[in-house]
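Okay, upload15.pdb now, which holds PDB, C-alpha atoms:
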ATOM      1  CA  MET A 473    -118.160  12.539  74.706
ATOM      2  CA  LEU A 474    -119.458   9.862  72.331
ATOM      3  CA  ARG A 475    -120.753   6.699  73.972
ATOM      4  CA  LYS A 476    -121.052   3.371  72.201
ATOM      5  CA  SER A 477    -124.131   1.297  72.779
ATOM      6  CA  GLN A 478    -123.804  -2.337  73.690
ATOM      7  CA  TYR A 479    -126.482  -4.936  73.125
ATOM      8  CA  VAL A 480    -126.899  -8.196  74.975
ATOM      9  CA  ALA A 481    -127.547 -11.299  72.850
ATOM     10  CA  SER A 482    -129.713 -12.904  75.529
ATOM     11  CA  VAL A 483    -130.888 -12.169  79.049
ATOM     12  CA  PRO A 484    -129.422 -14.652  81.528
ATOM     13  CA  MET A 485    -131.653 -15.742  84.418
ATOM     14  CA  LEU A 486    -130.420 -16.159  87.992
ATOM     15  CA  THR A 487    -129.947 -19.844  88.799
ATOM     16  CA  ARG A 488    -128.665 -19.301  92.331
ATOM     17  CA  GLN A 489    -128.595 -16.285  94.628
ATOM     18  CA  TRP A 490    -127.247 -15.328  98.053
ATOM     19  CA  ILE A 491    -126.568 -12.263 100.198
ATOM     20  CA  VAL A 492    -123.064 -10.947 100.916
ATOM     21  CA  GLU A 493    -122.787  -8.242 103.541
ATOM     22  CA  GLY A 494    -119.913  -6.676 105.347
ATOM     23  CA  TYR A 495    -117.255  -4.017 104.991
ATOM     24  CA  ILE A 496    -116.543  -3.507 101.306
ATOM     25  CA  TRP A 497    -113.042  -3.213  99.891
ATOM     26  CA  GLN A 498    -111.792  -2.620  96.382
ATOM     27  CA  CYS A 499    -108.862  -4.768  95.307
ATOM     28  CA  GLY A 500    -106.083  -3.251  93.259
ATOM     29  CA  GLY A 501    -104.170  -5.865  91.310
ATOM     30  CA  PRO A 502    -105.028  -9.494  90.647
ATOM     31  CA  CYS A 503    -107.459 -10.951  93.189
ATOM     32  CA  ASP A 504    -107.461 -14.594  92.129
ATOM     33  CA  GLN A 505    -106.633 -15.997  95.573
ATOM     34  CA  LEU A 506    -108.440 -14.221  98.391
ATOM     35  CA  PRO A 507    -107.680 -14.691 102.085
ATOM     36  CA  GLU A 508    -109.952 -17.128 103.921
ATOM     37  CA  ASP A 509    -111.898 -14.412 105.767
ATOM     38  CA  VAL A 510    -112.646 -12.397 102.582
ATOM     39  CA  LYS A 511    -115.760 -12.940 100.426
ATOM     40  CA  PHE A 512    -115.922 -12.133  96.709
ATOM     41  CA  VAL A 513    -118.674  -9.646  95.768
ATOM     42  CA  ALA A 514    -118.229  -8.611  92.120
ATOM     43  CA  VAL A 515    -115.969  -7.439  89.334
ATOM     44  CA  LEU A 516    -116.994  -3.909  88.324
ATOM     45  CA  PRO A 517    -117.020  -2.612  84.733
ATOM     46  CA  ASP A 518    -113.680  -0.843  85.405
ATOM     47  CA  HIS A 519    -112.230  -4.343  86.156
ATOM     48  CA  SER A 520    -111.713  -3.675  89.856
ATOM     49  CA  THR A 521    -112.842  -6.379  92.274
ATOM     50  CA  LEU A 522    -115.079  -5.790  95.283
ATOM     51  CA  VAL A 523    -114.713  -8.006  98.354
ATOM     52  CA  SER A 524    -116.340  -8.117 101.774
ATOM     53  CA  THR A 525    -114.954  -8.627 105.279
ATOM     54  CA  ALA A 526    -116.713  -9.141 108.608
ATOM     55  CA  SER A 527    -114.562  -6.529 110.376
ATOM     56  CA  PRO A 528    -113.443  -3.049 109.279
ATOM     57  CA  ALA A 529    -109.782  -4.129 109.341
ATOM     58  CA  VAL A 530    -108.025  -4.069 105.973
ATOM     59  CA  PRO A 531    -107.573  -7.597 104.538
ATOM     60  CA  LEU A 532    -103.999  -8.856 104.496
ATOM     61  CA  SER A 533    -103.000 -10.504 101.250
ATOM     62  CA  ALA A 534     -99.993 -10.770  98.997
ATOM     63  CA  ALA A 535    -102.416 -11.022  96.055
ATOM     64  CA  GLY A 536    -103.481  -7.380  95.973
ATOM     65  CA  VAL A 537    -103.843  -4.025  97.703
ATOM     66  CA  PHE A 538    -107.209  -3.366  99.355
ATOM     67  CA  THR A 539    -108.691   0.105  99.787
ATOM     68  CA  PRO A 540    -112.105   1.070 101.165
ATOM     69  CA  TRP A 541    -114.720   1.158  98.392
ATOM     70  CA  LYS A 542    -116.424   4.508  97.895
ATOM     71  CA  VAL A 543    -120.086   3.577  97.544
ATOM     72  CA  ILE A 544    -121.501   4.013  94.062
ATOM     73  CA  ILE A 545    -125.264   3.638  93.907
ATOM     74  CA  TYR A 546    -125.703   4.259  90.193
ATOM     75  CA  SER A 547    -124.127   2.365  87.316
ATOM     76  CA  ASP A 548    -124.872   4.911  84.580
ATOM     77  CA  ALA A 549    -123.791   8.493  83.931
ATOM     78  CA  ALA A 550    -127.372   9.816  84.175
ATOM     79  CA  GLU A 551    -127.683   8.297  87.666
ATOM     80  CA  GLN A 552    -130.870   6.465  86.735
ATOM     81  CA  THR A 553    -129.862   2.804  87.051
ATOM     82  CA  PRO A 554    -129.221   1.398  90.557
ATOM     83  CA  LEU A 555    -125.831  -0.293  90.813
ATOM     84  CA  ALA A 556    -126.009  -3.820  89.491
ATOM     85  CA  VAL A 557    -123.232  -5.595  87.625
ATOM     86  CA  LEU A 558    -123.225  -8.709  85.483
ATOM     87  CA  ASP A 559    -119.815  -9.874  84.354
ATOM     88  CA  THR A 560    -119.005 -11.939  81.278
ATOM     89  CA  LEU A 561    -118.779 -15.154  83.349
ATOM     90  CA  GLY A 562    -122.351 -14.873  84.606
ATOM     91  CA  HIS A 563    -121.691 -13.487  88.103
ATOM     92  CA  TYR A 564    -124.292 -10.944  89.227
ATOM     93  CA  ALA A 565    -124.245  -8.423  92.093
ATOM     94  CA  GLN A 566    -126.724  -5.732  93.053
ATOM     95  CA  ILE A 567    -126.371  -3.288  95.933
ATOM     96  CA  GLU A 568    -129.259  -3.704  98.379
ATOM     97  CA  SER A 569    -128.265  -1.360 101.209
ATOM     98  CA  PHE A 570    -125.261   0.529 102.515
ATOM     99  CA  SER A 571    -124.032   2.661 105.379
ATOM    100  CA  VAL A 572    -121.115   5.023 105.134
ATOM    101  CA  PRO A 573    -118.894   6.537 107.831
ATOM    102  CA  LEU A 574    -120.275   9.828 109.172
ATOM    103  CA  THR A 575    -117.117  11.774 108.432
ATOM    104  CA  ASP A 576    -115.382  12.407 105.118
ATOM    105  CA  ASP A 577    -112.222  13.630 106.819
ATOM    106  CA  GLU A 578    -109.012  12.098 105.587
ATOM    107  CA  PRO A 579    -106.946  10.450 108.345
ATOM    108  CA  GLU A 580    -104.119  12.619 109.661
ATOM    109  CA  ASP A 581    -101.700   9.699 109.592
ATOM    110  CA  PRO A 582    -100.986   8.757 105.932
ATOM    111  CA  ASP A 583    -100.532   5.105 106.970
ATOM    112  CA  THR A 584    -104.091   4.989 108.361
ATOM    113  CA  ILE A 585    -106.760   3.555 106.077
ATOM    114  CA  ALA A 586    -110.111   5.382 105.917
ATOM    115  CA  ALA A 587    -113.078   3.450 107.321
ATOM    116  CA  PRO A 588    -114.836   1.206 104.784
ATOM    117  CA  SER A 589    -118.573   1.271 104.089
ATOM    118  CA  PHE A 590    -120.842  -1.519 105.296
ATOM    119  CA  CYS A 591    -122.950  -2.844 102.417
ATOM    120  CA  ARG A 592    -125.386  -5.613 101.606
ATOM    121  CA  PHE A 593    -125.306  -7.113  98.106
ATOM    122  CA  LEU A 594    -127.608  -9.589  96.409
ATOM    123  CA  CYS A 595    -125.227 -11.859  94.512
ATOM    124  CA  GLY A 596    -125.926 -14.702  92.152
ATOM    125  CA  GLU A 597    -124.984 -16.929  89.264
ATOM    126  CA  THR A 598    -126.805 -16.848  85.953
ATOM    127  CA  THR A 599    -127.706 -19.390  83.290
ATOM    128  CA  GLY A 600    -124.656 -18.599  81.187
ATOM    129  CA  GLU A 601    -122.132 -16.167  79.899
ATOM    130  CA  LEU A 602    -123.095 -12.620  78.995
ATOM    131  CA  HIS A 603    -122.649 -12.158  75.248
ATOM    132  CA  ILE A 604    -122.223  -8.569  74.066
ATOM    133  CA  CYS A 605    -123.274  -8.083  70.447
ATOM    134  CA  PRO A 606    -121.252  -5.815  68.191
ATOM    135  CA  ASP A 607    -122.890  -2.475  67.279
TER     136      ASP A 607
END
How would this structure read if it were set down as structure tokens?
Amino acid sequence: MLRKSQYVASVPMLTRQWIVEGYIWQCGGPCDQLPEDVKFVAVLPDHSTLVSTASPAVPLSAAGVFTPWKVIIYSDAAEQTPLAVLDTLGHYAQIESFSVPLTDDEPEDPDTIAAPSFCRFLCGETTGELHICPD
């Protein structure tokens, strides 16, 4: 498999940072308007959106379908780079800690959602947009 390199034109600096922790969900579909009790975490490179809730109950929203996020602690194929994402709008998120349910068993009832992981993310805003240079 051939991989293309991408180069960043400049390195943005964090201008503001905060911690988001809670049960982490992945949103399928557009997540422009989140419910009041849901906090935005990050947009991953695959364009899925991560959100956090204070309780392990699935968020209710007409905007998208939420599924428990399977924790990814590396952002590269060689599993050398701890998960950190910087989107093109200057939003940054880095996983700080996580806990996962003790069982990997799928629920017997297909309508039951598996338990989400509890994670802590360092989030922030940067000095500007991320510019990817052409190869």
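Between A:Thr598 and the candidates A:Ala556, A:Met485, A:Ala514, A:Cys503, the tightest atom-to-atom separation, counting only C-alpha atoms, involves A:Met485.
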Gap from atom CA of A:Val557 to atom CA of A:Gln505 - Å, one decimal: 21.1 Å
Test item: residues at most 9 Å from A:Val515, only C-alpha atoms, excluding those fewer than 6 positions along its chain, as a PyMOL selection string: chain A and resi 521-522+557-559+563+565
Expected selection from the PyMOL selection byres ((chain A and resi 527) around 8), given as a PyMOL selection string: chain A and resi 494-495+525-526+528-529
I need the chosen residues saved as a PDB file, keeping the file's coordinate frame, with C-alpha atoms.
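Just written: result29.pdb:
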ATOM      1  CA  GLY A 494    -119.913  -6.676 105.347  1.00  0.00           C
ATOM      2  CA  TYR A 495    -117.255  -4.017 104.991  1.00  0.00           C
ATOM      3  CA  THR A 525    -114.954  -8.627 105.279  1.00  0.00           C
ATOM      4  CA  ALA A 526    -116.713  -9.141 108.608  1.00  0.00           C
ATOM      5  CA  PRO A 528    -113.443  -3.049 109.279  1.00  0.00           C
ATOM      6  CA  ALA A 529    -109.782  -4.129 109.341  1.00  0.00           C
TER       7      ALA A 529
END
Point-to-point distance from atom CA of A:Phe593 to atom CA of A:Tyr564, Å rounded to tenths: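 Between atom CA of A:Phe593 and atom CA of A:Tyr564 the gap is 9.7 Å.
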Ground truth for the PyMOL selection byres ((chain A and resi 536) around 12), written as number ranges by chain: A: 497-507, 520-523, 530-535, 537-539
Expected answer as a list in words: all residues with atoms within 9 Å of (-117.5, -13.9, 100.7), only C-alpha atoms: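 Every residue inside that radius is included here: Val492, Glu493, Gly494, Glu508, Asp509, Val510, Lys511, Phe512, Val513, Val523, Ser524 and Thr525 of chain A.
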Best match for closeness to A:Arg488 among A:Ile567, A:Ala587, A:Val543, A:Cys595, counting only C-alpha atoms: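 Closest to A:Arg488, using only C-alpha atoms: A:Cys595.
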Residues selected by the PyMOL selection byres ((chain A and resi 571) around 6), written as a PyMOL selection string: chain A and resi 570+572+589-590
Write the selection just made, keeping C-alpha atoms, as a PDB file, in the frame of the given file?
ATOM      1  CA  PHE A 570    -125.261   0.529 102.515  1.00  0.00           C
ATOM      2  CA  VAL A 572    -121.115   5.023 105.134  1.00  0.00           C
ATOM      3  CA  SER A 589    -118.573   1.271 104.089  1.00  0.00           C
ATOM      4  CA  PHE A 590    -120.842  -1.519 105.296  1.00  0.00           C
TER       5      PHE A 590
END
Nearest to A:Pro517, chosen from A:Thr599, A:Thr560, A:Ser569, A:Gln489, with all atoms listed in the file counted in the distances: A:Thr560
Length of the atom CA of A:Leu555 to atom CA of A:Leu516 vector [Å]: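 Pair atom CA of A:Leu555 / atom CA of A:Leu516 returns 9.9 Å.
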Using all atoms listed in the file: which of A:Pro484, A:Ala549, A:Pro540, A:Trp490 has the shortest distance to A:Gly596: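 Looking only at the distances to A:Gly596, the closest residue turns out to be A:Trp490.
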Option closest in space to A:Leu594, from A:Glu568, A:Ile545, A:Leu486, A:Glu551 [counting all atoms listed in the file]: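 So, comparing all the options, the nearest one is A:Glu568.
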Using only C-alpha atoms: which of A:Pro588, A:Thr487, A:Ile496, A:Ile544 has the shortest distance to A:Pro573: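 Going through A:Pro588, A:Thr487, A:Ile496, A:Ile544 one by one, the smallest distance to A:Pro573 is for A:Pro588.
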Since the input has fewer atoms than a full residue there, write stretch 481-496 of chain A out with N, CA, C and O atoms, as a CSV table (one decimal), in the frame of the given file.
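Result saved to selection23.csv:
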chain,number,residue,atom,x,y,z
A,481,ALA,N,-127.0,-10.3,73.7
A,481,ALA,CA,-127.5,-11.3,72.8
A,481,ALA,C,-128.7,-12.0,73.5
A,481,ALA,O,-129.7,-12.4,72.8
A,482,SER,N,-128.6,-12.2,74.8
A,482,SER,CA,-129.7,-12.9,75.5
A,482,SER,C,-129.7,-12.4,77.0
A,482,SER,O,-128.7,-11.9,77.4
A,483,VAL,N,-130.8,-12.6,77.7
A,483,VAL,CA,-130.9,-12.2,79.0
A,483,VAL,C,-130.7,-13.4,79.9
A,483,VAL,O,-131.6,-14.2,80.0
A,484,PRO,N,-129.6,-13.5,80.6
A,484,PRO,CA,-129.4,-14.7,81.5
A,484,PRO,C,-130.4,-14.6,82.7
A,484,PRO,O,-130.7,-13.5,83.2
A,485,MET,N,-130.8,-15.7,83.2
A,485,MET,CA,-131.7,-15.7,84.4
A,485,MET,C,-130.8,-16.2,85.6
A,485,MET,O,-129.9,-17.0,85.4
A,486,LEU,N,-131.1,-15.7,86.8
A,486,LEU,CA,-130.4,-16.2,88.0
A,486,LEU,C,-130.8,-17.6,88.3
A,486,LEU,O,-131.9,-18.0,88.4
A,487,THR,N,-129.7,-18.4,88.4
A,487,THR,CA,-129.9,-19.8,88.8
A,487,THR,C,-129.7,-20.1,90.3
A,487,THR,O,-130.2,-21.0,90.8
A,488,ARG,N,-129.0,-19.2,90.9
A,488,ARG,CA,-128.7,-19.3,92.3
A,488,ARG,C,-128.4,-17.9,92.8
A,488,ARG,O,-127.8,-17.1,92.1
A,489,GLN,N,-128.9,-17.6,94.1
A,489,GLN,CA,-128.6,-16.3,94.6
A,489,GLN,C,-128.3,-16.4,96.1
A,489,GLN,O,-128.7,-17.3,96.8
A,490,TRP,N,-127.6,-15.4,96.6
A,490,TRP,CA,-127.2,-15.3,98.1
A,490,TRP,C,-127.0,-13.9,98.4
A,490,TRP,O,-126.8,-13.0,97.5
A,491,ILE,N,-126.9,-13.6,99.7
A,491,ILE,CA,-126.6,-12.3,100.2
A,491,ILE,C,-125.1,-12.2,100.7
A,491,ILE,O,-124.7,-13.2,101.4
A,492,VAL,N,-124.4,-11.2,100.4
A,492,VAL,CA,-123.1,-10.9,100.9
A,492,VAL,C,-123.1,-9.6,101.6
A,492,VAL,O,-123.5,-8.6,100.9
A,493,GLU,N,-122.8,-9.5,102.9
A,493,GLU,CA,-122.8,-8.2,103.5
A,493,GLU,C,-121.5,-8.1,104.4
A,493,GLU,O,-121.0,-9.1,104.8
A,494,GLY,N,-121.1,-6.9,104.5
A,494,GLY,CA,-119.9,-6.7,105.3
A,494,GLY,C,-119.3,-5.4,104.9
A,494,GLY,O,-119.8,-4.6,104.2
A,495,TYR,N,-118.0,-5.2,105.4
A,495,TYR,CA,-117.3,-4.0,105.0
A,495,TYR,C,-116.7,-4.3,103.6
A,495,TYR,O,-116.1,-5.3,103.3
A,496,ILE,N,-116.9,-3.3,102.7
A,496,ILE,CA,-116.5,-3.5,101.3
A,496,ILE,C,-115.2,-2.8,101.0
A,496,ILE,O,-115.0,-1.7,101.2
